[in-house]
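Novice: Please read through the structure below; I'll follow up with questions.
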Amino acid sequence: MKDPLLNHKHQQLREEVREFAEREIQPRAAELDEKSIFSTELTGQMFDMGLLRINLSEKYGGMGLDTLSYIIAVEELARVDGSQAATVAAHNSLGIAPIANYGTEAQKEHFLPMLTTGKKLWAFGLTEPNAGSDSNNTETTATPEDGKWVINGGKIYITNISSVMSGGITVQAVTGERSSGMKELSVILVDRDTPGYKTEIIQSKMMWRGADTGRVSFTNVKVPQENLLGGRGMGSKIMLATLDGGRLSIAAMGLGLAQGAYEMAMQYATDRVQFRKPIRSFQINSFKLADMATKIELARNLLYKACWLKDQKLPFGKEAAMAKLYTSEMAREVVNQSLQIHGAHGLMKENPIERFYRDQRILEIGEGTSEILRLVIARHLGIR
Ligand SMILES: Cc1cc2nc3c(=O)[nH]c(=O)nc-3n(C[C@H](O)[C@H](O)[C@H](O)COP(=O)(O)OP(=O)(O)OC[C@H]3O[C@@H](n4cnc5c(N)ncnc54)[C@H](O)[C@@H]3O)c2cc1C
């Protein structure tokens, strides 16, 4: 698939990632999903390809590619398997980005080599049992003591936290109280080898069963005060700005998933004969395919524009929220129609569309639910 708006390097990257995904991931995706296995081997291969440092500057060991390149890579992974796309998206957008964007030189030099050539994944710790959409309700605390932060509490539903490849986490914690009475929230980098740091995998998931999702708890975890990211009290600012970037990658997952579901529908509707005709020749099915292709094209244009804005260093938060909202809901419609075209065959585990149908569902919840995204967009429109 050639896109006339992409340059040669983008096209080449798309072809490379597609070839890798079809050769290495596609044959294993069903088994990893069925057995709920996070593959260190595939993750290692994705590290080797540069996909887990794609958007980071070369100065810090990254590939130095633009946002669009990163998004194309995630799109191509999600076209085949949402789990591998999730591992890559979470590490780049939520793991590396806040350190690259807000870290001091010393923090970048200490942490980024581990997350690039060191092949360790880094997690993003915002969500807690009582702080989901309402992330200002964070209960994890970090108290300054003898030149250290002493952290107590825990995070839940965290991507890339519990496998052997996880290196640690960026944590939002309460570090005090503002004069307004509101919690003072700050962000701290925590290495997994610190005593009192404990993780646990969450196995029984509906979707992304080949990705690592888990819980982490902190019991008197002591990290140096220099591990504070940005300034004290900058927690919400850093975490919410990080989510703006993250939403582009969730949108890319929706786009790739929809593209894969559409291609499966087209193939099945061509091969399946009923009433002596391929089912795609029934007008209702051809219109479904036409609607899918149109919605995918629209989503791609919206997402690529948001990437372009980010690369131009222009504000992109509104467009990222729109792209994430539209693409995740579009992916639901496309995967649903694709499954319908597959008939009973689409409901069977042996058919990847069944996995795609489950993997889509997280996209309307993670990194801002559709309800919260509508709030975010309304605020960008000046509605309070
Ligand atoms: C597989 C997976 C991976 C994840 N990875 C990470 C990660 O790496 N790091 C991380 O920090 N988190 C992660 N999350 C958590 C995810 O970001 C949260 O689930 C999400 O932010 C929503 O929070 P919640 O589930 O607590 O829902 P809640 O906030 O409890 O919302 C429940 C419902 O209420 C609605 N609602 C809430 N507030 C409002 C409101 N003001 N107006 C209207 N409706 C509202 C929501 O839209 C939703 O429909 C992950 C989750 C999953 C499932």
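Convention: chains lettered A, B, ... in structure tokens order; per-chain residue numbering from 1; ligands numbered from 1 as shown.
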Per residue of chain A within 7 Å of ligand 1, which atom pair is closest and at what distance in Å (one decimal), using only C-alpha atoms and all ligand atoms, listed by chain and increasing number, as CSV?

Specialist:
residue,atom,partner,partner_atom_place_in_ligand_line,distance
A:Ala90,CA,ligand 1,8 (O),6.4
A:Ala123,CA,ligand 1,8 (O),6.0
A:Phe124,CA,ligand 1,9 (N),4.8
A:Gly125,CA,ligand 1,11 (O),4.3
A:Leu126,CA,ligand 1,11 (O),3.4
A:Thr127,CA,ligand 1,11 (O),3.9
A:Pro129,CA,ligand 1,26 (O),6.9
A:Ala131,CA,ligand 1,26 (O),6.1
A:Gly132,CA,ligand 1,26 (O),3.2
A:Ser133,CA,ligand 1,29 (O),3.5
A:Asp134,CA,ligand 1,29 (O),6.0
A:Ile156,CA,ligand 1,12 (N),6.9
A:Tyr157,CA,ligand 1,50 (C),4.5
A:Ile158,CA,ligand 1,8 (O),3.8
A:Thr159,CA,ligand 1,8 (O),3.9
A:Asn160,CA,ligand 1,8 (O),7.0
A:Trp208,CA,ligand 1,1 (C),6.5
A:Thr213,CA,ligand 1,1 (C),5.9
A:Ile362,CA,ligand 1,53 (C),5.9
A:Ile365,CA,ligand 1,20 (C),5.4
A:Gly366,CA,ligand 1,17 (O),4.0
A:Glu367,CA,ligand 1,17 (O),4.3
A:Gly368,CA,ligand 1,21 (O),4.9
A:Thr369,CA,ligand 1,47 (O),4.7
A:Ser370,CA,ligand 1,47 (O),6.1
A:Glu371,CA,ligand 1,47 (O),4.4
A:Ile372,CA,ligand 1,47 (O),5.5

Novice: Restricted to C-alpha atoms, what would the selected residues look like written as an mmCIF file, in the first residue's frame?

Specialist:
data_model
loop_
_atom_site.group_PDB
_atom_site.id
_atom_site.type_symbol
_atom_site.label_atom_id
_atom_site.label_comp_id
_atom_site.auth_asym_id
_atom_site.auth_seq_id
_atom_site.Cartn_x
_atom_site.Cartn_y
_atom_site.Cartn_z
ATOM 1 C CA ALA A 90 4.051 1.876 25.851
ATOM 2 C CA ALA A 123 6.743 1.592 32.500
ATOM 3 C CA PHE A 124 4.442 4.528 33.234
ATOM 4 C CA GLY A 125 2.682 4.524 36.583
ATOM 5 C CA LEU A 126 -0.365 6.720 36.772
ATOM 6 C CA THR A 127 -3.332 4.414 37.374
ATOM 7 C CA PRO A 129 -7.151 1.333 42.306
ATOM 8 C CA ALA A 131 -7.220 6.868 40.634
ATOM 9 C CA GLY A 132 -8.186 6.003 37.054
ATOM 10 C CA SER A 133 -9.605 8.850 34.965
ATOM 11 C CA ASP A 134 -9.318 10.945 38.127
ATOM 12 C CA ILE A 156 -2.393 -1.156 38.760
ATOM 13 C CA TYR A 157 -2.932 -2.128 35.075
ATOM 14 C CA ILE A 158 0.605 -1.115 34.143
ATOM 15 C CA THR A 159 2.080 -2.101 30.778
ATOM 16 C CA ASN A 160 5.655 -3.482 30.652
ATOM 17 C CA TRP A 208 -3.411 -7.865 24.643
ATOM 18 C CA THR A 213 0.251 -5.955 32.139
ATOM 19 C CA ILE A 362 -8.909 -1.625 25.247
ATOM 20 C CA ILE A 365 -10.358 2.729 27.578
ATOM 21 C CA GLY A 366 -6.562 3.030 27.891
ATOM 22 C CA GLU A 367 -4.827 6.448 27.972
ATOM 23 C CA GLY A 368 -8.120 8.281 28.373
ATOM 24 C CA THR A 369 -11.534 6.678 27.959
ATOM 25 C CA SER A 370 -13.719 7.897 25.100
ATOM 26 C CA GLU A 371 -15.770 9.857 27.645
ATOM 27 C CA ILE A 372 -12.678 11.615 29.020
#

Novice: Run DSSP on the backbone and give me the residues of stretch 259-344 of chain A it puts in helix (DSSP H, G or I), as a PyMOL selection string.

Specialist: chain A and resi 259-271+279-281+283-311+317-344

Novice: Please list as a tab-separated table (two decimals) with N, CA and C atoms, in the first residue's frame every residue within 6 Å of stretch 302-310 of chain A, counting only C-alpha atoms and excluding residues in the same chain fewer than 2 positions away.

Specialist:
chain	number	residue	atom	x	y	z
A	67	THR	N	7.99	11.46	14.34
A	67	THR	CA	6.81	10.86	14.96
A	67	THR	C	6.05	9.99	13.97
A	68	LEU	N	5.97	10.45	12.73
A	68	LEU	CA	5.22	9.68	11.73
A	68	LEU	C	5.85	8.30	11.52
A	299	ALA	N	-9.33	8.17	9.21
A	299	ALA	CA	-8.57	8.05	10.46
A	299	ALA	C	-7.08	8.26	10.20
A	300	ARG	N	-6.61	7.71	9.09
A	300	ARG	CA	-5.18	7.83	8.79
A	300	ARG	C	-4.82	9.31	8.57
A	312	GLN	N	6.33	19.39	13.86
A	312	GLN	CA	6.59	20.82	13.62
A	312	GLN	C	6.69	21.59	14.94
A	313	LYS	N	6.58	20.87	16.05
A	313	LYS	CA	6.58	21.47	17.40
A	313	LYS	C	5.41	22.44	17.58
A	314	LEU	N	4.30	22.15	16.93
A	314	LEU	CA	3.08	22.93	17.09
A	314	LEU	C	2.17	22.21	18.09
A	316	PHE	N	-0.50	19.92	19.53
A	316	PHE	CA	-1.15	18.78	18.86
A	316	PHE	C	-2.09	18.03	19.80
A	319	GLU	N	-5.69	17.47	18.43
A	319	GLU	CA	-5.71	16.53	17.30
A	319	GLU	C	-5.38	15.11	17.75
A	320	ALA	N	-4.46	15.00	18.76
A	320	ALA	CA	-4.13	13.66	19.27
A	320	ALA	C	-5.35	13.04	19.95
A	323	ALA	N	-7.80	12.07	17.23
A	323	ALA	CA	-7.33	10.89	16.48
A	323	ALA	C	-7.54	9.63	17.32

Novice: Identify which of the residues A:Met322, A:Pro144, A:Tyr102, A:Gly50 lies closest to A:Leu381, counting only C-alpha atoms when measuring atom-to-atom distances.

Specialist: A:Met322

Novice: Neighbouring residues of A:Asn55 were defined as those with any atom within 10 Å, considering only C-alpha atoms; residues of the same chain fewer than 4 positions away were excluded. Please report them as an mmCIF file with N, CA, C and O atoms, in the first residue's frame.

Specialist:
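out-v5.cif, written as the output of this step:
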data_model
loop_
_atom_site.group_PDB
_atom_site.id
_atom_site.type_symbol
_atom_site.label_atom_id
_atom_site.label_comp_id
_atom_site.auth_asym_id
_atom_site.auth_seq_id
_atom_site.Cartn_x
_atom_site.Cartn_y
_atom_site.Cartn_z
ATOM 1 N N GLY A 50 15.355 -1.654 16.356
ATOM 2 C CA GLY A 50 15.297 -0.224 16.675
ATOM 3 C C GLY A 50 13.896 0.274 16.959
ATOM 4 O O GLY A 50 13.678 1.465 17.178
ATOM 5 N N LEU A 51 12.908 -0.649 16.973
ATOM 6 C CA LEU A 51 11.518 -0.200 17.146
ATOM 7 C C LEU A 51 11.238 0.294 18.562
ATOM 8 O O LEU A 51 10.284 1.025 18.791
ATOM 9 N N GLY A 62 18.916 6.593 20.440
ATOM 10 C CA GLY A 62 17.703 6.328 19.670
ATOM 11 C C GLY A 62 17.969 6.255 18.179
ATOM 12 O O GLY A 62 19.109 6.414 17.716
ATOM 13 N N MET A 63 16.907 6.018 17.415
ATOM 14 C CA MET A 63 17.008 5.963 15.956
ATOM 15 C C MET A 63 16.870 7.355 15.344
ATOM 16 O O MET A 63 17.139 7.540 14.162
ATOM 17 N N GLY A 64 16.364 8.310 16.139
ATOM 18 C CA GLY A 64 16.248 9.691 15.663
ATOM 19 C C GLY A 64 15.214 9.885 14.566
ATOM 20 O O GLY A 64 15.287 10.851 13.813
ATOM 21 N N LEU A 65 14.228 8.979 14.466
ATOM 22 C CA LEU A 65 13.207 9.119 13.416
ATOM 23 C C LEU A 65 12.052 9.995 13.900
ATOM 24 O O LEU A 65 11.860 10.188 15.101
ATOM 25 N N ASP A 66 11.269 10.507 12.955
ATOM 26 C CA ASP A 66 10.184 11.424 13.327
ATOM 27 C C ASP A 66 8.962 10.667 13.884
ATOM 28 O O ASP A 66 8.926 9.427 13.872
ATOM 29 N N THR A 67 7.994 11.460 14.337
ATOM 30 C CA THR A 67 6.807 10.861 14.960
ATOM 31 C C THR A 67 6.048 9.987 13.968
ATOM 32 O O THR A 67 5.553 8.912 14.313
ATOM 33 N N LEU A 68 5.966 10.449 12.726
ATOM 34 C CA LEU A 68 5.221 9.681 11.725
ATOM 35 C C LEU A 68 5.845 8.298 11.518
ATOM 36 O O LEU A 68 5.123 7.296 11.402
ATOM 37 N N SER A 69 7.174 8.235 11.522
ATOM 38 C CA SER A 69 7.842 6.928 11.372
ATOM 39 C C SER A 69 7.433 5.995 12.508
ATOM 40 O O SER A 69 7.116 4.816 12.297
ATOM 41 N N TYR A 70 7.458 6.552 13.716
ATOM 42 C CA TYR A 70 7.086 5.755 14.888
ATOM 43 C C TYR A 70 5.651 5.244 14.749
ATOM 44 O O TYR A 70 5.360 4.056 14.972
ATOM 45 N N ILE A 71 4.767 6.127 14.336
ATOM 46 C CA ILE A 71 3.349 5.779 14.234
ATOM 47 C C ILE A 71 3.121 4.727 13.146
ATOM 48 O O ILE A 71 2.331 3.799 13.301
ATOM 49 N N ASN A 92 7.917 3.361 24.103
ATOM 50 C CA ASN A 92 8.342 4.612 23.462
ATOM 51 C C ASN A 92 7.612 5.828 24.022
ATOM 52 O O ASN A 92 8.240 6.811 24.422
ATOM 53 N N SER A 93 6.274 5.753 24.028
ATOM 54 C CA SER A 93 5.487 6.954 24.364
ATOM 55 C C SER A 93 5.407 7.212 25.854
ATOM 56 O O SER A 93 5.359 8.363 26.288
ATOM 57 N N ILE A 96 10.022 5.934 27.505
ATOM 58 C CA ILE A 96 11.152 6.795 27.117
ATOM 59 C C ILE A 96 10.786 8.283 27.085
ATOM 60 O O ILE A 96 11.553 9.131 27.574
ATOM 61 N N ALA A 97 9.614 8.606 26.497
ATOM 62 C CA ALA A 97 9.309 10.021 26.206
ATOM 63 C C ALA A 97 9.399 10.950 27.423
ATOM 64 O O ALA A 97 10.033 12.009 27.326
#

Novice: Which residues of stretch 198-301 of chain A come within 6 Å of stretch 330-350 of chain A, and what is each one's closest atom pair and distance in Å (one decimal), counting only C-alpha atoms, sorted by chain and residue number, as JSON lines?

Specialist:
{"residue": "A:Gly254", "atom": "CA", "partner": "A:Ala331", "partner_atom": "CA", "distance": 5.3}
{"residue": "A:Ala258", "atom": "CA", "partner": "A:Ala331", "partner_atom": "CA", "distance": 4.9}
{"residue": "A:Ala261", "atom": "CA", "partner": "A:Val335", "partner_atom": "CA", "distance": 5.5}
{"residue": "A:Ala265", "atom": "CA", "partner": "A:Ser338", "partner_atom": "CA", "distance": 4.9}
{"residue": "A:Met292", "atom": "CA", "partner": "A:Val334", "partner_atom": "CA", "distance": 5.7}

Novice: How many Å separate atom CA of A:Leu257 from atom CA of A:Ile54?

Specialist: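 These two atoms are separated by 20.5 Å.
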
Novice: By how many Å are atom CA of A:Lys237 and atom CA of A:Met182 apart?

Specialist: 14.6 Å

Novice: Do you have the atom CA of A:Gln107-atom CA of A:Glu226 distance handy?

Specialist: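 Between these atoms lies a distance of 8.0 Å.
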
Novice: Using only C-alpha atoms, which of A:Gln84, A:Thr327, A:Thr116, A:Asn101 sits nearest A:Ala251?

Specialist: A:Thr327

Novice: Closest to A:Leu6 among A:Asn301, A:Arg28, A:Leu42, A:Thr294, using only C-alpha atoms?

Specialist: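 Using only C-alpha atoms, A:Leu6 sits closest to A:Asn301.
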
Novice: Write out as a PyMOL selection string the residues lying within 12 Å of A:Glu16, counting only C-alpha atoms and excluding same-chain residues fewer than 6 positions away.

Specialist: chain A and resi 9-10+22-24+46+49-51+69+72-73+76-77

Novice: Next, write the just-selected residues to a file, as a compact mmCIF listing (two decimals), in the first residue's frame, keeping all heavy atoms as the atom set.

Specialist:
# COMPACT_ATOMS: atom_id res chain seq x y z
N LYS A 9 11.51 7.24 2.87
CA LYS A 9 11.94 6.58 4.11
C LYS A 9 10.75 6.01 4.88
O LYS A 9 10.84 4.93 5.48
CB LYS A 9 12.68 7.58 5.00
CG LYS A 9 14.09 7.83 4.52
CD LYS A 9 14.85 8.65 5.53
CE LYS A 9 16.29 8.78 5.09
NZ LYS A 9 17.00 9.79 5.84
N HIS A 10 9.64 6.75 4.88
CA HIS A 10 8.44 6.24 5.56
C HIS A 10 7.96 4.96 4.88
O HIS A 10 7.59 3.99 5.54
CB HIS A 10 7.33 7.29 5.55
CG HIS A 10 7.62 8.50 6.38
ND1 HIS A 10 7.42 9.78 5.92
CD2 HIS A 10 8.11 8.64 7.64
CE1 HIS A 10 7.76 10.65 6.86
NE2 HIS A 10 8.19 9.97 7.91
N GLU A 22 4.87 -9.90 9.57
CA GLU A 22 4.25 -11.07 8.91
C GLU A 22 5.13 -12.31 9.06
O GLU A 22 4.63 -13.42 9.21
CB GLU A 22 4.01 -10.76 7.43
CG GLU A 22 2.88 -9.75 7.25
CD GLU A 22 2.58 -9.43 5.80
OE1 GLU A 22 3.35 -9.87 4.91
OE2 GLU A 22 1.57 -8.72 5.56
N ARG A 23 6.45 -12.10 9.05
CA ARG A 23 7.36 -13.25 9.13
C ARG A 23 7.51 -13.76 10.56
O ARG A 23 7.44 -14.97 10.81
CB ARG A 23 8.74 -12.84 8.57
CG ARG A 23 9.83 -13.90 8.68
CD ARG A 23 11.09 -13.52 7.91
NE ARG A 23 11.46 -12.13 8.01
CZ ARG A 23 12.20 -11.59 8.99
NH1 ARG A 23 12.66 -12.34 9.96
NH2 ARG A 23 12.49 -10.30 9.00
N GLU A 24 7.70 -12.85 11.52
CA GLU A 24 8.05 -13.28 12.89
C GLU A 24 6.86 -13.30 13.86
O GLU A 24 6.80 -14.15 14.74
CB GLU A 24 9.13 -12.36 13.46
CG GLU A 24 10.43 -12.34 12.67
CD GLU A 24 11.18 -13.67 12.73
OE1 GLU A 24 10.98 -14.43 13.70
OE2 GLU A 24 11.96 -13.93 11.79
N MET A 46 12.50 -6.87 18.41
CA MET A 46 12.02 -5.50 18.15
C MET A 46 13.03 -4.47 18.68
O MET A 46 13.20 -3.40 18.09
CB MET A 46 10.62 -5.31 18.74
CG MET A 46 9.59 -6.18 18.02
SD MET A 46 7.88 -5.77 18.37
CE MET A 46 7.69 -6.25 20.07
N MET A 49 15.70 -4.30 16.03
CA MET A 49 15.28 -3.53 14.84
C MET A 49 15.24 -2.03 15.08
O MET A 49 15.03 -1.26 14.16
CB MET A 49 13.87 -3.96 14.42
CG MET A 49 13.82 -5.27 13.70
SD MET A 49 12.11 -5.55 13.22
CE MET A 49 11.95 -4.47 11.79
N GLY A 50 15.36 -1.65 16.36
CA GLY A 50 15.30 -0.22 16.67
C GLY A 50 13.90 0.27 16.96
O GLY A 50 13.68 1.46 17.18
N LEU A 51 12.91 -0.65 16.97
CA LEU A 51 11.52 -0.20 17.15
C LEU A 51 11.24 0.29 18.56
O LEU A 51 10.28 1.02 18.79
CB LEU A 51 10.54 -1.35 16.82
CG LEU A 51 10.62 -1.90 15.40
CD1 LEU A 51 9.61 -3.01 15.19
CD2 LEU A 51 10.41 -0.79 14.38
N SER A 69 7.17 8.24 11.52
CA SER A 69 7.84 6.93 11.37
C SER A 69 7.43 6.00 12.51
O SER A 69 7.12 4.82 12.30
CB SER A 69 9.36 7.09 11.41
OG SER A 69 9.80 7.96 10.41
N ILE A 72 3.86 4.84 12.05
CA ILE A 72 3.75 3.84 10.97
C ILE A 72 4.20 2.48 11.49
O ILE A 72 3.58 1.44 11.20
CB ILE A 72 4.60 4.28 9.74
CG1 ILE A 72 3.91 5.46 9.06
CG2 ILE A 72 4.81 3.13 8.77
CD1 ILE A 72 4.76 6.14 8.00
N ALA A 73 5.27 2.46 12.29
CA ALA A 73 5.76 1.19 12.84
C ALA A 73 4.71 0.55 13.75
O ALA A 73 4.42 -0.65 13.65
CB ALA A 73 7.07 1.42 13.60
N GLU A 76 1.84 -0.86 11.71
CA GLU A 76 2.15 -2.12 11.04
C GLU A 76 2.19 -3.30 12.01
O GLU A 76 1.80 -4.41 11.66
CB GLU A 76 3.48 -2.01 10.27
CG GLU A 76 3.38 -1.18 9.02
CD GLU A 76 2.33 -1.70 8.03
OE1 GLU A 76 2.23 -2.93 7.85
OE2 GLU A 76 1.61 -0.87 7.46
N LEU A 77 2.65 -3.07 13.23
CA LEU A 77 2.63 -4.15 14.22
C LEU A 77 1.18 -4.50 14.58
O LEU A 77 0.80 -5.67 14.65
CB LEU A 77 3.40 -3.74 15.48
CG LEU A 77 4.91 -3.51 15.31
CD1 LEU A 77 5.50 -2.89 16.58
CD2 LEU A 77 5.63 -4.83 14.97
